[in-house]
$ cat structure.csv   # CSV, C-alpha atoms
chain,number,residue,atom,x,y,z
B,202,MET,CA,27.1,135.1,61.5
B,203,SER,CA,28.1,132.3,63.9
B,204,LEU,CA,25.7,129.7,65.3
B,205,GLN,CA,24.0,131.0,68.5
B,206,PRO,CA,25.0,128.8,71.4
B,207,HIS,CA,21.6,128.2,73.0
B,208,ILE,CA,18.9,128.6,70.3
B,209,ARG,CA,21.2,127.0,67.8
B,210,LEU,CA,20.3,129.3,65.0
B,211,SER,CA,22.3,131.7,62.9
B,212,GLU,CA,21.5,134.5,60.5
B,213,SER,CA,21.7,132.0,57.6
B,214,SER,CA,19.0,129.9,59.3
B,215,THR,CA,16.2,132.3,58.4
B,216,GLY,CA,15.5,135.6,56.8
B,217,ALA,CA,12.7,136.4,59.1
B,218,GLN,CA,12.4,139.7,61.0
B,219,TYR,CA,9.4,138.6,63.0
B,220,ALA,CA,9.4,136.0,65.8
B,221,LEU,CA,6.7,134.4,67.9
B,222,LEU,CA,7.8,133.3,71.3
B,223,PRO,CA,5.7,130.6,73.0
B,224,GLY,CA,7.0,129.4,76.4
B,225,ASP,CA,6.0,125.8,76.0
B,226,PRO,CA,8.0,123.9,73.3
B,227,GLN,CA,4.8,121.9,72.5
B,228,ARG,CA,3.1,125.1,71.5
B,229,VAL,CA,5.5,125.5,68.6
B,230,ASP,CA,3.7,122.6,66.9
B,231,ARG,CA,0.3,124.2,67.4
B,232,ILE,CA,1.5,127.5,66.0
B,233,ALA,CA,2.9,125.6,63.0
B,234,GLN,CA,-0.7,124.6,62.1
B,235,PHE,CA,-1.3,128.3,61.3
B,236,LEU,CA,1.7,128.7,59.0
B,237,ASP,CA,2.4,127.7,55.4
B,238,ASN,CA,5.3,125.4,54.7
B,239,PRO,CA,6.4,125.1,58.3
B,240,GLU,CA,10.0,123.9,58.6
B,241,PRO,CA,11.5,122.6,61.9
B,242,LEU,CA,14.9,124.1,62.6
B,243,GLY,CA,15.9,122.2,65.7
B,244,GLN,CA,15.8,122.0,69.4
B,245,ASN,CA,18.3,122.6,72.2
B,246,ARG,CA,17.2,122.5,75.8
B,247,GLU,CA,13.9,124.5,76.0
B,248,PHE,CA,14.5,126.3,72.7
B,249,ARG,CA,12.6,124.6,70.0
B,250,SER,CA,12.4,126.4,66.7
B,251,LEU,CA,10.7,126.4,63.2
B,252,ARG,CA,10.1,128.8,60.5
B,253,GLY,CA,7.0,129.2,58.2
B,254,TRP,CA,5.1,131.8,56.3
B,255,TYR,CA,1.9,133.6,56.9
B,256,ARG,CA,0.4,135.3,53.8
B,257,GLY,CA,3.9,135.5,52.3
B,258,VAL,CA,5.6,136.9,55.5
B,259,GLU,CA,8.4,134.7,56.9
B,260,ILE,CA,8.0,134.1,60.6
B,261,LEU,CA,10.3,132.4,63.1
B,262,VAL,CA,8.9,130.5,66.1
B,263,VAL,CA,11.1,129.8,69.1
B,264,SER,CA,10.0,128.5,72.5
B,265,THR,CA,11.6,130.2,75.5
B,266,GLY,CA,10.8,127.8,78.3
B,267,ILE,CA,9.7,129.0,81.7
B,268,GLY,CA,10.8,132.3,83.2
B,269,GLY,CA,12.8,135.4,82.5
B,270,PRO,CA,16.4,134.0,82.2
B,271,SER,CA,15.7,131.7,79.3
B,272,THR,CA,13.5,134.3,77.7
B,273,ALA,CA,16.3,136.8,77.8
B,274,ILE,CA,18.7,134.3,76.3
B,275,ALA,CA,16.4,133.7,73.4
B,276,ILE,CA,15.9,137.5,72.8
B,277,GLU,CA,19.6,138.2,72.9
B,278,GLU,CA,20.4,135.4,70.4
B,279,LEU,CA,17.5,136.1,68.1
B,280,ARG,CA,18.7,139.7,67.8
B,281,GLN,CA,21.9,138.3,66.5
B,282,THR,CA,20.0,136.4,63.7
B,283,GLY,CA,18.3,139.5,62.5
B,284,ILE,CA,15.0,139.4,64.3
B,285,LYS,CA,13.5,142.9,64.8
B,286,THR,CA,10.0,142.2,66.2
B,287,LEU,CA,9.0,139.7,68.9
B,288,ILE,CA,5.5,138.8,70.1
B,289,ARG,CA,5.1,136.5,73.1
B,290,ILE,CA,2.5,133.8,72.8
B,291,GLY,CA,2.1,133.0,76.5
B,292,SER,CA,-0.4,132.2,79.2
B,293,CYS,CA,-1.3,133.9,82.5
B,294,GLY,CA,-3.4,133.6,85.6
B,295,ALA,CA,-6.2,136.1,85.9
B,296,LEU,CA,-6.1,138.7,88.6
B,297,GLN,CA,-9.5,140.2,87.8
B,298,ASP,CA,-12.8,138.5,88.2
B,299,PHE,CA,-14.1,139.6,84.7
B,300,LEU,CA,-11.4,137.6,83.0
B,301,VAL,CA,-12.2,133.9,82.1
B,302,PRO,CA,-10.2,131.1,80.6
B,303,GLY,CA,-9.8,131.7,76.9
B,304,ASP,CA,-9.7,135.5,77.1
B,305,VAL,CA,-6.6,137.2,75.6
B,306,VAL,CA,-4.7,139.8,77.5
B,307,ILE,CA,-2.7,142.3,75.5
B,308,ALA,CA,0.0,143.4,77.9
B,309,GLN,CA,0.9,147.1,77.4
B,310,GLY,CA,3.3,146.9,80.3
B,311,ALA,CA,4.4,144.7,83.2
B,312,VAL,CA,5.3,145.0,86.8
B,313,ALA,CA,8.9,143.7,86.9
B,314,ASP,CA,8.5,141.6,90.0
B,315,GLU,CA,11.2,139.2,88.9
B,316,GLY,CA,15.0,139.1,88.7
B,317,THR,CA,16.0,139.0,85.1
B,318,SER,CA,15.0,142.6,84.2
B,319,LYS,CA,16.7,143.8,87.3
B,320,SER,CA,20.0,142.2,86.1
B,321,TYR,CA,19.8,144.5,83.0
B,322,ALA,CA,18.5,147.8,84.5
B,323,PRO,CA,17.4,149.4,87.8
B,324,ALA,CA,14.1,148.4,89.2
B,325,SER,CA,12.7,151.8,88.2
B,326,TYR,CA,13.3,151.1,84.5
B,327,PRO,CA,9.9,150.7,82.8
B,328,ALA,CA,8.8,147.4,81.3
B,329,CYS,CA,6.7,148.5,78.4
B,330,ALA,CA,5.6,146.9,75.1
B,331,ASP,CA,6.1,148.7,71.8
B,332,PRO,CA,3.2,151.2,71.6
B,333,GLN,CA,2.7,151.0,67.9
B,334,LEU,CA,2.7,147.2,67.9
B,335,THR,CA,0.3,147.1,70.9
B,336,THR,CA,-2.1,149.5,69.1
B,337,LEU,CA,-2.0,147.3,66.0
B,338,LEU,CA,-2.9,144.3,68.2
B,339,ILE,CA,-5.8,146.1,69.7
B,340,GLN,CA,-7.1,147.1,66.3
B,341,GLN,CA,-6.7,143.6,64.9
B,342,ALA,CA,-8.5,142.1,67.9
B,343,LYS,CA,-11.5,144.4,67.3
B,344,GLN,CA,-11.6,143.4,63.6
B,345,LEU,CA,-11.3,139.7,64.4
B,346,GLN,CA,-13.9,140.1,67.2
B,347,ILE,CA,-11.5,138.4,69.7
B,348,SER,CA,-12.2,138.9,73.4
B,349,ALA,CA,-9.1,140.8,74.3
B,350,PHE,CA,-8.3,143.1,77.2
B,351,CYS,CA,-5.4,145.5,77.2
B,352,GLY,CA,-3.6,146.5,80.4
B,353,LEU,CA,-0.9,145.8,82.8
B,354,VAL,CA,0.4,142.4,84.0
B,355,ARG,CA,2.8,141.3,86.7
B,356,SER,CA,5.8,139.1,85.9
B,357,HIS,CA,7.2,137.0,88.8
B,358,ASP,CA,9.6,134.2,89.4
B,359,SER,CA,7.6,131.4,91.2
B,360,PHE,CA,4.2,129.9,91.4
B,361,TYR,CA,4.8,128.4,94.8
B,362,THR,CA,5.9,130.9,97.4
B,363,ASP,CA,4.3,130.9,100.8
B,364,HIS,CA,2.3,134.1,100.2
B,365,GLU,CA,0.9,133.7,96.6
B,366,ALA,CA,-2.7,134.5,97.7
B,367,ALA,CA,-1.6,137.8,99.4
B,368,LEU,CA,0.5,138.8,96.4
B,369,ASP,CA,-2.4,138.1,94.0
B,370,ALA,CA,-4.8,140.1,96.2
B,371,GLU,CA,-2.3,143.0,96.4
B,372,TRP,CA,-1.8,143.3,92.7
B,373,SER,CA,-5.4,142.7,91.8
B,374,ALA,CA,-6.4,145.6,94.0
B,375,ARG,CA,-4.0,147.8,92.0
B,376,GLY,CA,-5.8,146.9,88.7
B,377,ILE,CA,-3.3,144.4,87.3
B,378,LEU,CA,-5.0,142.1,84.8
B,379,GLY,CA,-2.9,138.9,85.1
B,380,ALA,CA,0.3,137.3,86.1
B,381,ASP,CA,3.0,135.5,84.0
B,382,MET,CA,6.7,134.9,84.3
B,383,GLU,CA,8.2,136.3,81.1
B,384,SER,CA,6.6,139.6,79.8
B,385,ALA,CA,8.7,142.0,81.9
B,386,ALA,CA,12.0,140.4,80.8
B,387,LEU,CA,10.8,140.4,77.2
B,388,MET,CA,9.9,144.1,77.3
B,389,VAL,CA,13.0,145.3,79.2
B,390,VAL,CA,15.6,143.4,77.3
B,391,GLY,CA,13.8,144.2,74.0
B,392,SER,CA,13.7,147.9,74.8
B,393,LEU,CA,17.4,148.0,75.7
B,394,ARG,CA,18.4,146.1,72.6
B,395,GLY,CA,16.3,148.3,70.2
B,396,LEU,CA,13.7,145.6,69.5
B,397,ARG,CA,9.9,145.9,69.2
B,398,THR,CA,8.1,143.6,71.6
B,399,ALA,CA,4.5,142.7,72.5
B,400,SER,CA,3.0,140.1,74.8
B,401,LEU,CA,-0.2,138.2,74.2
B,402,LEU,CA,-1.4,136.1,77.2
B,403,ASN,CA,-4.0,133.4,77.1
B,404,VAL,CA,-5.9,133.3,80.4
B,405,VAL,CA,-5.6,129.7,81.7
B,406,VAL,CA,-6.4,130.3,85.4
B,407,ALA,CA,-9.4,132.2,86.7
B,408,HIS,CA,-9.0,134.7,89.5
B,409,ASN,CA,-9.1,132.9,92.8
B,410,GLY,CA,-9.1,129.6,90.8
B,411,CYS,CA,-7.0,126.6,91.8
B,412,LEU,CA,-3.6,126.8,90.3
B,413,ASP,CA,-2.9,123.0,90.2
B,414,SER,CA,-6.2,122.0,88.8
B,415,SER,CA,-6.2,124.8,86.2
B,416,ILE,CA,-2.7,124.0,85.0
B,417,ASN,CA,-3.7,120.3,84.7
B,418,ASP,CA,-6.8,121.3,82.7
B,419,PHE,CA,-4.5,123.2,80.3
B,420,VAL,CA,-2.1,120.3,79.9
B,421,GLN,CA,-5.1,118.1,79.2
B,422,GLN,CA,-6.1,120.5,76.4
B,423,ASP,CA,-9.0,122.1,78.1
B,424,ALA,CA,-11.3,123.4,75.3
B,425,LEU,CA,-11.5,127.0,76.4
B,426,CYS,CA,-7.8,127.4,76.9
B,427,LEU,CA,-7.0,125.9,73.5
B,428,GLN,CA,-9.6,128.2,72.0
B,429,GLY,CA,-7.9,131.2,73.6
B,430,GLU,CA,-4.5,130.0,72.4
B,431,ALA,CA,-5.8,129.8,68.8
B,432,ARG,CA,-7.2,133.3,69.1
B,433,GLN,CA,-3.9,134.7,70.3
B,434,ILE,CA,-1.9,133.0,67.6
B,435,SER,CA,-4.4,134.3,64.9
B,436,LEU,CA,-4.2,137.8,66.4
B,437,ALA,CA,-0.4,137.8,66.4
B,438,LEU,CA,-0.2,136.6,62.8
B,439,HIS,CA,-2.8,139.1,61.5
B,440,ALA,CA,-0.9,141.9,63.3
B,441,ILE,CA,2.4,140.8,61.8
B,442,TYR,CA,0.9,140.8,58.3
B,443,SER,CA,-0.7,144.2,58.8
B,444,ASP,CA,2.6,145.6,60.1
B,445,SER,CA,4.6,144.1,57.2
B,446,GLN,CA,2.2,145.8,54.7
B,447,GLN,CA,2.6,149.1,56.4
B,448,GLY,CA,6.3,148.8,56.1
B,449,GLU,CA,6.1,148.3,52.4
B,450,GLN,CA,4.1,151.4,51.8

$ encode --input "structure.csv" --output "structure tokens"
Amino acid sequence: MSLQPHIRLSESSTGAQYALLPGDPQRVDRIAQFLDNPEPLGQNREFRSLRGWYRGVEILVVSTGIGGPSTAIAIEELRQTGIKTLIRIGSCGALQDFLVPGDVVIAQGAVADEGTSKSYAPASYPACADPQLTTLLIQQAKQLQISAFCGLVRSHDSFYTDHEAALDAEWSARGILGADMESAALMVVGSLRGLRTASLLNVVVAHNGCLDSSINDFVQQDALCLQGEARQISLALHAIYSDSQQGEQ
């Protein structure tokens, strides 16, 4: 299998069937702390990668950068390396008052309010996570006593339009839990390519909170957000291990 042009990996780079997809390349290092024998594989543009093992299960970690286009590129090329299951380790802004920084959102589906998914399929095509993988994440969250909320999120293309407050109010009123930029693309592209996908989002901006100050807090390693990130990583790894065990039965 040839070297993939963007993620710079090939089928010989790893034997993993599971991949974790953080957006931020720096989050790859923090995920590595949860893995045994982490091995950096390289970096090209926003795509930073490593592999490691969790309780004997090989796991690939690849950052996707910001937004749907780079996420779709990563998914397409990871499929060529043999990956079958992808879990996003991302962040979101809350659209409901009961969500606080550090909470984890398990996205069962996404409003595809972005361009990438529409370049693959009509706007009416559903953006849905794999139901069995989502159920497994919910079960593991209960066992680990992680504060997690399952529901719908909205994926969009910009933080800085002239009507962000109105958009947030509109989708909040419809019960949408949070907003990110990648989940819809992950779900649509994954579904079309026969891959299992799930999205775990760490709440880093409270509903009606200040976007600029909240993002700055996260960059400065705000304690609550880092705690939420650790929870979502642990949750994803426990779910992957449980899924791998079910596959061996």

$ residues_around --input "structure.csv" --residues "B:Ala275" --least-positions-apart "6" --cutoff "8 Å" --atoms "all atoms listed in the file" --output "number ranges by chain"
B: 207-208, 248, 263, 265

$ closest_residue --input "structure.csv" --among "B:Ile290, B:Val258, B:Ala322, B:Val301" --to "B:Cys426" --atoms "all atoms listed in the file"
B:Val301

$ atom_distance --input "structure.csv" --atom1 "atom CA of B:Val404" --atom2 "atom CA of B:Gln433"
10.4 Å

$ residues_around --input "structure.csv" --residues "stretch 385-400 of chain B" --least-positions-apart "3" --cutoff "6 Å" --atoms "all atoms listed in the file" --output "list in words"
Gly269, Lys285, Thr286, Leu287, Ile288, Arg289, Ala308, Ala311, Ala313, Ser318, Ala328, Cys329, Ala330, Asp331 and Ser356 of chain B

$ write_last_selection --input "structure.csv" --atoms "C-alpha atoms" --output "PDB file, in the frame of the given file"
ATOM      1  CA  GLY B 269      12.800 135.400  82.500  1.00  0.00           C
ATOM      2  CA  LYS B 285      13.500 142.900  64.800  1.00  0.00           C
ATOM      3  CA  THR B 286      10.000 142.200  66.200  1.00  0.00           C
ATOM      4  CA  LEU B 287       9.000 139.700  68.900  1.00  0.00           C
ATOM      5  CA  ILE B 288       5.500 138.800  70.100  1.00  0.00           C
ATOM      6  CA  ARG B 289       5.100 136.500  73.100  1.00  0.00           C
ATOM      7  CA  ALA B 308       0.000 143.400  77.900  1.00  0.00           C
ATOM      8  CA  ALA B 311       4.400 144.700  83.200  1.00  0.00           C
ATOM      9  CA  ALA B 313       8.900 143.700  86.900  1.00  0.00           C
ATOM     10  CA  SER B 318      15.000 142.600  84.200  1.00  0.00           C
ATOM     11  CA  ALA B 328       8.800 147.400  81.300  1.00  0.00           C
ATOM     12  CA  CYS B 329       6.700 148.500  78.400  1.00  0.00           C
ATOM     13  CA  ALA B 330       5.600 146.900  75.100  1.00  0.00           C
ATOM     14  CA  ASP B 331       6.100 148.700  71.800  1.00  0.00           C
ATOM     15  CA  SER B 356       5.800 139.100  85.900  1.00  0.00           C
TER      16      SER B 356
END

$ residues_near_point --input "structure.csv" --point "(13.3, 127.3, 74.2)" --cutoff "9 Å" --atoms "all atoms listed in the file" --output "VMD selection string"
chain B and resid 207 to 208 222 to 226 244 to 250 263 to 267 271 to 272 275
